[in-house]
>>> print(open('protein.txt').read())   # compact mmCIF, C-alpha atoms
# COMPACT_ATOMS: atom_id res chain seq x y z
CA MET A 1 -108.12 245.06 -32.83
CA ASP A 2 -110.99 246.74 -34.69
CA LEU A 3 -113.85 244.44 -33.69
CA ILE A 4 -116.45 246.59 -35.45
CA LEU A 5 -114.53 246.35 -38.72
CA PHE A 6 -114.21 242.58 -38.33
CA ALA A 7 -117.92 242.26 -37.55
CA LYS A 8 -118.71 244.17 -40.76
CA ALA A 9 -116.38 241.83 -42.64
CA VAL A 10 -118.19 238.76 -41.33
CA ILE A 11 -121.62 240.23 -42.15
CA LEU A 12 -120.65 241.20 -45.69
CA GLY A 13 -118.89 237.87 -46.25
CA VAL A 14 -121.98 235.95 -45.18
CA VAL A 15 -124.21 238.18 -47.31
CA GLU A 16 -121.96 237.61 -50.34
CA GLY A 17 -121.87 233.84 -49.83
CA LEU A 18 -125.59 233.41 -49.22
CA THR A 19 -126.77 235.65 -52.06
CA GLU A 20 -124.22 235.00 -54.82
CA PHE A 21 -125.95 231.88 -56.15
CA LEU A 22 -129.56 232.62 -55.21
CA PRO A 23 -131.79 234.61 -57.62
CA ILE A 24 -131.84 237.60 -55.28
CA SER A 25 -128.71 239.57 -56.33
CA SER A 26 -125.52 239.51 -54.29
CA THR A 27 -124.45 242.88 -55.73
CA GLY A 28 -127.75 244.44 -54.74
CA HIS A 29 -127.53 243.09 -51.22
CA LEU A 30 -123.90 244.16 -50.82
CA ILE A 31 -124.76 247.69 -51.99
CA LEU A 32 -127.64 247.93 -49.52
CA VAL A 33 -125.89 246.27 -46.57
CA GLY A 34 -122.67 248.18 -47.25
CA ASP A 35 -124.70 251.37 -47.23
CA LEU A 36 -126.28 250.49 -43.88
CA LEU A 37 -122.91 249.54 -42.39
CA ASP A 38 -121.22 252.66 -43.80
CA PHE A 39 -118.80 250.37 -45.58
CA ASN A 40 -119.23 251.63 -49.13
CA ASP A 41 -116.11 253.75 -49.59
CA ASP A 42 -113.30 252.75 -51.97
CA ARG A 43 -111.88 250.24 -49.52
CA GLY A 44 -115.31 248.78 -48.89
CA LYS A 45 -115.92 248.34 -52.61
CA ALA A 46 -112.50 246.73 -53.02
CA PHE A 47 -113.31 244.42 -50.12
CA GLU A 48 -116.53 243.30 -51.86
CA VAL A 49 -114.62 242.48 -55.03
CA ILE A 50 -112.01 240.37 -53.27
CA ILE A 51 -114.41 238.27 -51.17
CA GLN A 52 -116.22 237.13 -54.34
CA PHE A 53 -113.30 234.78 -54.86
CA GLY A 54 -114.33 233.02 -51.66
CA ALA A 55 -117.77 232.28 -53.12
CA ILE A 56 -116.25 231.06 -56.40
CA LEU A 57 -113.83 228.81 -54.54
CA ALA A 58 -116.82 227.22 -52.78
CA VAL A 59 -118.37 226.30 -56.15
CA CYS A 60 -115.07 224.90 -57.41
CA TRP A 61 -114.80 222.73 -54.32
CA GLU A 62 -118.41 221.49 -54.48
CA PHE A 63 -118.08 220.52 -58.16
CA ARG A 64 -114.41 219.53 -58.04
CA HIS A 65 -115.08 216.01 -59.37
CA LYS A 66 -116.88 217.34 -62.46
CA LEU A 67 -114.23 220.01 -63.06
CA LEU A 68 -111.36 217.53 -62.67
CA SER A 69 -113.14 215.07 -64.97
CA VAL A 70 -113.55 217.72 -67.66
CA ALA A 71 -109.92 218.80 -67.32
CA SER A 72 -108.56 215.26 -67.48
CA SER A 73 -110.71 214.15 -70.42
CA PHE A 74 -110.73 217.37 -72.43
CA GLN A 75 -108.50 216.04 -75.21
CA THR A 76 -110.38 212.76 -75.63
CA SER A 77 -114.01 213.52 -74.71
CA PRO A 78 -116.34 215.48 -77.05
CA LEU A 79 -118.68 216.04 -74.09
CA ALA A 80 -115.89 217.66 -72.06
CA ARG A 81 -114.93 219.93 -74.97
CA ARG A 82 -118.56 220.92 -75.55
CA PHE A 83 -118.95 221.68 -71.85
CA VAL A 84 -115.98 224.07 -71.95
CA LEU A 85 -117.18 225.57 -75.24
CA ASN A 86 -120.62 226.20 -73.74
CA LEU A 87 -119.11 228.03 -70.78
CA LEU A 88 -117.01 230.20 -73.10
CA ILE A 89 -119.99 231.01 -75.33
CA ALA A 90 -122.21 231.85 -72.35
CA SER A 91 -119.50 234.03 -70.77
CA ILE A 92 -118.70 236.28 -73.73
CA PRO A 93 -121.83 238.50 -73.99
CA ALA A 94 -121.94 239.74 -70.39
CA MET A 95 -118.17 240.04 -70.06
CA GLY A 96 -118.00 242.03 -73.29
CA LEU A 97 -120.80 244.41 -72.31
CA GLY A 98 -119.38 244.72 -68.81
CA PHE A 99 -116.02 245.74 -70.22
CA LEU A 100 -117.61 248.34 -72.50
CA PHE A 101 -120.25 249.81 -70.20
CA GLY A 102 -119.34 248.66 -66.68
CA LYS A 103 -118.00 252.04 -65.54
CA HIS A 104 -121.12 253.90 -66.74
CA ILE A 105 -123.44 251.34 -65.14
CA LYS A 106 -121.66 251.64 -61.80
CA ALA A 107 -121.86 255.42 -61.90
CA VAL A 108 -125.59 255.49 -62.61
CA LEU A 109 -127.18 252.35 -61.15
CA PHE A 110 -125.06 251.29 -58.18
CA ALA A 111 -127.39 252.92 -55.63
CA PRO A 112 -130.17 251.62 -53.34
CA ILE A 113 -133.18 252.97 -55.28
CA PRO A 114 -132.25 251.49 -58.69
CA VAL A 115 -131.36 248.23 -56.91
CA ALA A 116 -134.74 248.09 -55.16
CA THR A 117 -136.54 248.72 -58.46
CA ALA A 118 -134.57 245.93 -60.14
CA PHE A 119 -135.50 243.62 -57.26
CA ILE A 120 -139.21 244.07 -57.97
CA VAL A 121 -138.92 243.83 -61.75
CA GLY A 122 -136.84 240.67 -61.39
CA ALA A 123 -139.52 239.12 -59.21
CA LEU A 124 -142.10 239.56 -61.96
CA VAL A 125 -139.79 237.80 -64.42
CA ILE A 126 -139.43 234.88 -61.97
CA PHE A 127 -143.22 234.49 -61.83
CA TRP A 128 -143.29 234.43 -65.63
CA ALA A 129 -140.49 231.84 -65.87
CA GLU A 130 -142.08 229.52 -63.34
CA ARG A 131 -145.34 229.61 -65.28
CA ARG A 132 -143.33 228.84 -68.42
CA GLN A 133 -141.86 225.74 -66.73
CA LEU A 134 -145.33 224.28 -66.35
CA HIS A 135 -145.71 224.16 -70.13
CA LEU A 136 -142.39 222.74 -71.32
CA SER A 137 -142.66 220.55 -74.40
CA PRO A 138 -141.45 216.90 -74.28
CA SER A 139 -138.35 217.83 -76.30
CA GLU A 140 -137.42 220.54 -73.82
CA ARG A 141 -137.90 218.17 -70.90
CA ALA A 142 -135.38 215.80 -72.58
CA ILE A 143 -132.61 218.02 -71.18
CA HIS A 144 -131.48 216.12 -68.09
CA SER A 145 -128.02 217.53 -67.35
CA VAL A 146 -125.59 220.29 -68.35
CA ASP A 147 -124.02 217.80 -70.80
CA ASP A 148 -127.26 217.87 -72.82
CA LEU A 149 -127.02 221.61 -73.46
CA THR A 150 -126.05 222.77 -76.94
CA PRO A 151 -123.92 225.80 -77.86
CA LEU A 152 -127.17 227.54 -78.86
CA ASP A 153 -128.57 226.90 -75.38
CA ALA A 154 -125.38 228.36 -73.92
CA LEU A 155 -125.66 231.45 -76.12
CA LYS A 156 -129.23 232.03 -75.00
CA VAL A 157 -128.22 231.78 -71.34
CA GLY A 158 -125.26 234.09 -72.01
CA LEU A 159 -127.54 236.72 -73.54
CA ALA A 160 -129.91 236.43 -70.58
CA GLN A 161 -126.96 236.92 -68.24
CA CYS A 162 -126.39 240.39 -69.71
CA ALA A 163 -129.38 241.58 -67.67
CA ALA A 164 -127.29 240.96 -64.54
CA LEU A 165 -125.17 244.00 -65.38
CA ILE A 166 -128.02 245.95 -63.81
CA PRO A 167 -127.41 245.73 -60.04
CA GLY A 168 -130.31 244.13 -58.23
CA THR A 169 -131.09 241.82 -61.14
CA SER A 170 -128.87 238.94 -59.97
CA ARG A 171 -126.37 237.08 -62.13
CA SER A 172 -127.57 233.70 -60.94
CA GLY A 173 -131.16 234.86 -61.32
CA ALA A 174 -130.57 236.05 -64.89
CA THR A 175 -128.89 232.80 -65.93
CA ILE A 176 -131.27 230.45 -64.12
CA ILE A 177 -134.50 232.26 -64.93
CA GLY A 178 -133.29 233.13 -68.43
CA GLY A 179 -132.49 229.47 -69.04
CA MET A 180 -135.91 228.46 -67.78
CA LEU A 181 -137.59 230.95 -70.13
CA PHE A 182 -135.67 229.34 -73.00
CA GLY A 183 -137.01 225.92 -72.04
CA ILE A 184 -134.15 224.57 -69.89
CA PRO A 185 -135.44 222.66 -66.83
CA ARG A 186 -134.95 224.40 -63.49
CA VAL A 187 -132.40 221.92 -62.09
CA VAL A 188 -130.19 222.00 -65.20
CA ALA A 189 -130.38 225.79 -65.47
CA THR A 190 -129.32 226.09 -61.83
CA GLU A 191 -126.37 223.73 -62.20
CA PHE A 192 -125.19 225.49 -65.37
CA SER A 193 -125.42 228.80 -63.52
CA PHE A 194 -123.03 227.43 -60.88
CA PHE A 195 -120.44 226.45 -63.50
CA LEU A 196 -120.89 229.69 -65.44
CA ALA A 197 -120.11 231.68 -62.29
CA ILE A 198 -116.53 230.39 -62.35
CA PRO A 199 -115.32 232.11 -65.54
CA VAL A 200 -117.69 235.08 -65.36
CA ILE A 201 -117.29 236.13 -61.73
CA GLY A 202 -113.71 234.89 -61.61
CA GLY A 203 -112.82 236.93 -64.70
CA ALA A 204 -114.67 240.03 -63.53
CA THR A 205 -113.09 239.81 -60.09
CA ALA A 206 -109.61 239.37 -61.57
CA TYR A 207 -110.21 242.43 -63.77
CA GLU A 208 -111.36 244.50 -60.80
CA LEU A 209 -108.35 243.35 -58.77
CA LEU A 210 -106.04 244.45 -61.59
CA LYS A 211 -107.61 247.91 -61.52
CA LEU A 212 -107.37 247.92 -57.73
CA TRP A 213 -103.67 247.04 -57.89
CA LYS A 214 -103.12 250.12 -60.05
CA SER A 215 -105.28 252.38 -57.87
CA PRO A 216 -104.15 254.45 -54.89
CA VAL A 217 -106.39 252.49 -52.48
CA SER A 218 -104.32 251.07 -49.62
CA PHE A 219 -105.12 248.67 -46.82
CA SER A 220 -103.94 248.79 -43.25
CA GLY A 221 -103.16 245.66 -41.27
CA ALA A 222 -106.70 245.70 -39.86
CA TYR A 223 -108.28 245.97 -43.29
CA SER A 224 -106.08 243.17 -44.62
CA LEU A 225 -107.24 240.92 -41.79
CA ALA A 226 -110.84 241.98 -42.44
CA ILE A 227 -110.45 240.83 -46.05
CA VAL A 228 -109.27 237.41 -44.87
CA ILE A 229 -112.21 237.16 -42.47
CA GLY A 230 -114.66 238.22 -45.19
CA PHE A 231 -113.13 235.77 -47.67
CA ILE A 232 -113.51 232.85 -45.26
CA SER A 233 -117.05 233.90 -44.33
CA ALA A 234 -118.00 234.10 -48.01
CA PHE A 235 -116.51 230.66 -48.72
CA ILE A 236 -118.30 228.92 -45.85
CA SER A 237 -121.67 230.57 -46.41
CA ALA A 238 -121.50 230.04 -50.20
CA PHE A 239 -120.61 226.36 -49.74
CA ILE A 240 -123.62 225.85 -47.45
CA CYS A 241 -125.88 227.79 -49.83
CA VAL A 242 -124.82 225.86 -52.95
CA ARG A 243 -125.40 222.50 -51.30
CA TRP A 244 -128.79 223.62 -50.01
CA LEU A 245 -129.86 225.07 -53.37
CA ILE A 246 -128.95 221.86 -55.22
CA ARG A 247 -131.37 219.95 -53.00
CA TYR A 248 -134.00 222.69 -53.04
CA VAL A 249 -134.42 223.03 -56.80
CA GLY A 250 -135.05 219.31 -57.17
CA HIS A 251 -138.42 219.65 -55.44
CA HIS A 252 -139.30 223.36 -55.26
CA ASN A 253 -139.65 226.41 -57.49
CA PHE A 254 -138.29 229.96 -57.20
CA VAL A 255 -141.60 231.66 -56.38
CA PRO A 256 -140.64 232.23 -52.70
CA PHE A 257 -137.56 234.12 -53.88
CA ALA A 258 -139.76 236.31 -56.09
CA TRP A 259 -141.94 237.26 -53.10
CA TYR A 260 -138.78 237.96 -51.09
CA ARG A 261 -137.50 240.25 -53.84
CA ILE A 262 -140.77 242.18 -53.89
CA ALA A 263 -140.88 242.53 -50.10
CA PHE A 264 -137.25 243.58 -49.87
CA GLY A 265 -137.51 246.00 -52.77
CA LEU A 266 -140.65 247.61 -51.39
CA LEU A 267 -139.03 247.92 -47.95
CA VAL A 268 -136.10 249.85 -49.42
CA LEU A 269 -138.37 252.10 -51.49
CA ILE A 270 -140.71 252.81 -48.55
CA THR A 271 -137.88 253.60 -46.14
CA ALA A 272 -136.28 255.82 -48.77
CA TYR A 273 -139.37 257.86 -49.63
CA THR A 274 -140.53 258.18 -46.02
CA GLY A 275 -137.06 259.20 -44.86
CA LEU A 276 -136.79 256.37 -42.31
CA ILE A 277 -133.40 255.47 -43.77
CA ALA A 278 -131.15 257.99 -45.50
CA TRP A 279 -130.02 255.76 -48.36
CA SER A 280 -127.18 257.09 -50.46
CA HIS A 281 -127.82 258.20 -54.04
>>> encode(input="protein.txt", output="structure tokens")
Amino acid sequence: MDLILFAKAVILGVVEGLTEFLPISSTGHLILVGDLLDFNDDRGKAFEVIIQFGAILAVCWEFRHKLLSVASSFQTSPLARRFVLNLLIASIPAMGLGFLFGKHIKAVLFAPIPVATAFIVGALVIFWAERRQLHLSPSERAIHSVDDLTPLDALKVGLAQCAALIPGTSRSGATIIGGMLFGIPRVVATEFSFFLAIPVIGGATAYELLKLWKSPVSFSGAYSLAIVIGFISAFISAFICVRWLIRYVGHHNFVPFAWYRIAFGLLVLITAYTGLIAWSH
């Protein structure tokens, strides 16, 4: 048994689960942690793609009652149909741009230094959004749930999500903070981000798996078991994180995450430019 490989799988699975739905970038963390663990070769990248399904499954399980309700009432409920329409509208911009420019973005920006820079820039946007929340108009505060969102709201969030194509920005951060900048209350923006993760990350992961199936990358028995371990670790940690974040946003803001992004980004930049850590380029 390759205990070191399995330990890496657990670490990366936990990192994926804990960071996927927080505004701190799961992709950025996986790039950095994978670099530190020397787990960023083709098999490592394939591993990261597959374990995302574990995080998505955690969201589906947490919101299973809402999802089942929408599915069962889709033909008879205008609210259910609008909910699905909003998810489709919000998904299209980022998925379209990702399909067109994803390969170029990965070649240029999937490295520690660009990720660290995006961490810091994203923190400044969070500060701006939180200040914006203090000055919402009464009409904007009338949004109490995801069912109150309009297709135009969904389009705005979908356009904001395009920023997440830059690693280190954070998909959840782009959708939540983008929604807040457009006047959507923090709690509603967070919940919509959870639901939006299902088609966006699920679709992107399925696309990457299709490419992986056609690629020459192969997995040994140990690597296959490591994928299972990472998948389970991602599911458990994501489930805990989602439940915690739902409670957190009801009474707190995202400013602590902004300070974390700045500290983490500066740490990477300092260690890179001082030579303390030989980050890949």
>>> closest_atom_pairs(input="protein.txt", of="range 30-137 of chain A", to="range 251-256 of chain A", cutoff="12 Å", atoms="all atoms listed in the file", output="Markdown table")
| residue | atom | partner | partner_atom | distance |
| --- | --- | --- | --- | --- |
| A:Gly122 | CA | A:Val255 | CA | 11.4 |
| A:Ala123 | CA | A:Val255 | CA | 8.2 |
| A:Leu124 | CA | A:Val255 | CA | 9.7 |
| A:Val125 | CA | A:Val255 | CA | 10.3 |
| A:Ile126 | CA | A:Val255 | CA | 6.8 |
| A:Phe127 | CA | A:Val255 | CA | 6.4 |
| A:Trp128 | CA | A:Val255 | CA | 9.8 |
| A:Ala129 | CA | A:Phe254 | CA | 9.1 |
| A:Glu130 | CA | A:Asn253 | CA | 7.1 |
| A:Arg131 | CA | A:Val255 | CA | 9.9 |
| A:Arg132 | CA | A:Asn253 | CA | 11.8 |
| A:Gln133 | CA | A:Asn253 | CA | 9.5 |
| A:Leu134 | CA | A:Asn253 | CA | 10.7 |
>>> write_last_selection(input="protein.txt", atoms="C-alpha atoms", output="PDB file, keeping the file's coordinate frame")
ATOM      1  CA  GLY A 122    -136.840 240.670 -61.390  1.00  0.00           C
ATOM      2  CA  ALA A 123    -139.520 239.120 -59.210  1.00  0.00           C
ATOM      3  CA  LEU A 124    -142.100 239.560 -61.960  1.00  0.00           C
ATOM      4  CA  VAL A 125    -139.790 237.800 -64.420  1.00  0.00           C
ATOM      5  CA  ILE A 126    -139.430 234.880 -61.970  1.00  0.00           C
ATOM      6  CA  PHE A 127    -143.220 234.490 -61.830  1.00  0.00           C
ATOM      7  CA  TRP A 128    -143.290 234.430 -65.630  1.00  0.00           C
ATOM      8  CA  ALA A 129    -140.490 231.840 -65.870  1.00  0.00           C
ATOM      9  CA  GLU A 130    -142.080 229.520 -63.340  1.00  0.00           C
ATOM     10  CA  ARG A 131    -145.340 229.610 -65.280  1.00  0.00           C
ATOM     11  CA  ARG A 132    -143.330 228.840 -68.420  1.00  0.00           C
ATOM     12  CA  GLN A 133    -141.860 225.740 -66.730  1.00  0.00           C
ATOM     13  CA  LEU A 134    -145.330 224.280 -66.350  1.00  0.00           C
TER      14      LEU A 134
END
>>> residues_around(input="protein.txt", residues="Cys162 in chain A", least_positions_apart="3", cutoff="6 Å", atoms="all atoms listed in the file", output="PyMOL selection string")
chain A and resi 94+159+165
>>> closest_residue(input="protein.txt", among="A:Ala234, A:Ile92, A:Ala118, A:Ile50", to="Pro167 in chain A", atoms="all atoms listed in the file")
A:Ala118
>>> closest_atom_pairs(input="protein.txt", of="range 30-135 of chain A", to="range 143-149 of chain A", cutoff="8 Å", atoms="only C-alpha atoms", output="JSON lines")
{"residue": "A:Leu79", "atom": "CA", "partner": "A:Asp147", "partner_atom": "CA", "distance": 6.5}
{"residue": "A:Arg82", "atom": "CA", "partner": "A:Asp147", "partner_atom": "CA", "distance": 7.9}
{"residue": "A:Phe83", "atom": "CA", "partner": "A:Asp147", "partner_atom": "CA", "distance": 6.5}
{"residue": "A:Asn86", "atom": "CA", "partner": "A:Leu149", "partner_atom": "CA", "distance": 7.9}
>>> write_last_selection(input="protein.txt", atoms="C-alpha atoms", output="PDB file, in the frame of the given file")
ATOM      1  CA  LEU A  79    -118.680 216.040 -74.090  1.00  0.00           C
ATOM      2  CA  ARG A  82    -118.560 220.920 -75.550  1.00  0.00           C
ATOM      3  CA  PHE A  83    -118.950 221.680 -71.850  1.00  0.00           C
ATOM      4  CA  ASN A  86    -120.620 226.200 -73.740  1.00  0.00           C
TER       5      ASN A  86
END
>>> closest_residue(input="protein.txt", among="A:Val268, A:Met180, A:Arg243, A:Leu210", to="Asp35 in chain A", atoms="all atoms listed in the file")
A:Val268
>>> residues_around(input="protein.txt", residues="Gly168 in chain A", least_positions_apart="4", cutoff="9 Å", atoms="only C-alpha atoms", output="PyMOL selection string")
chain A and resi 24-29+110+112+114-120+122+164
>>> atom_distance(input="protein.txt", atom1="CA of Lys8 in chain A", atom2="CA of Val242 in chain A")
22.8 Å
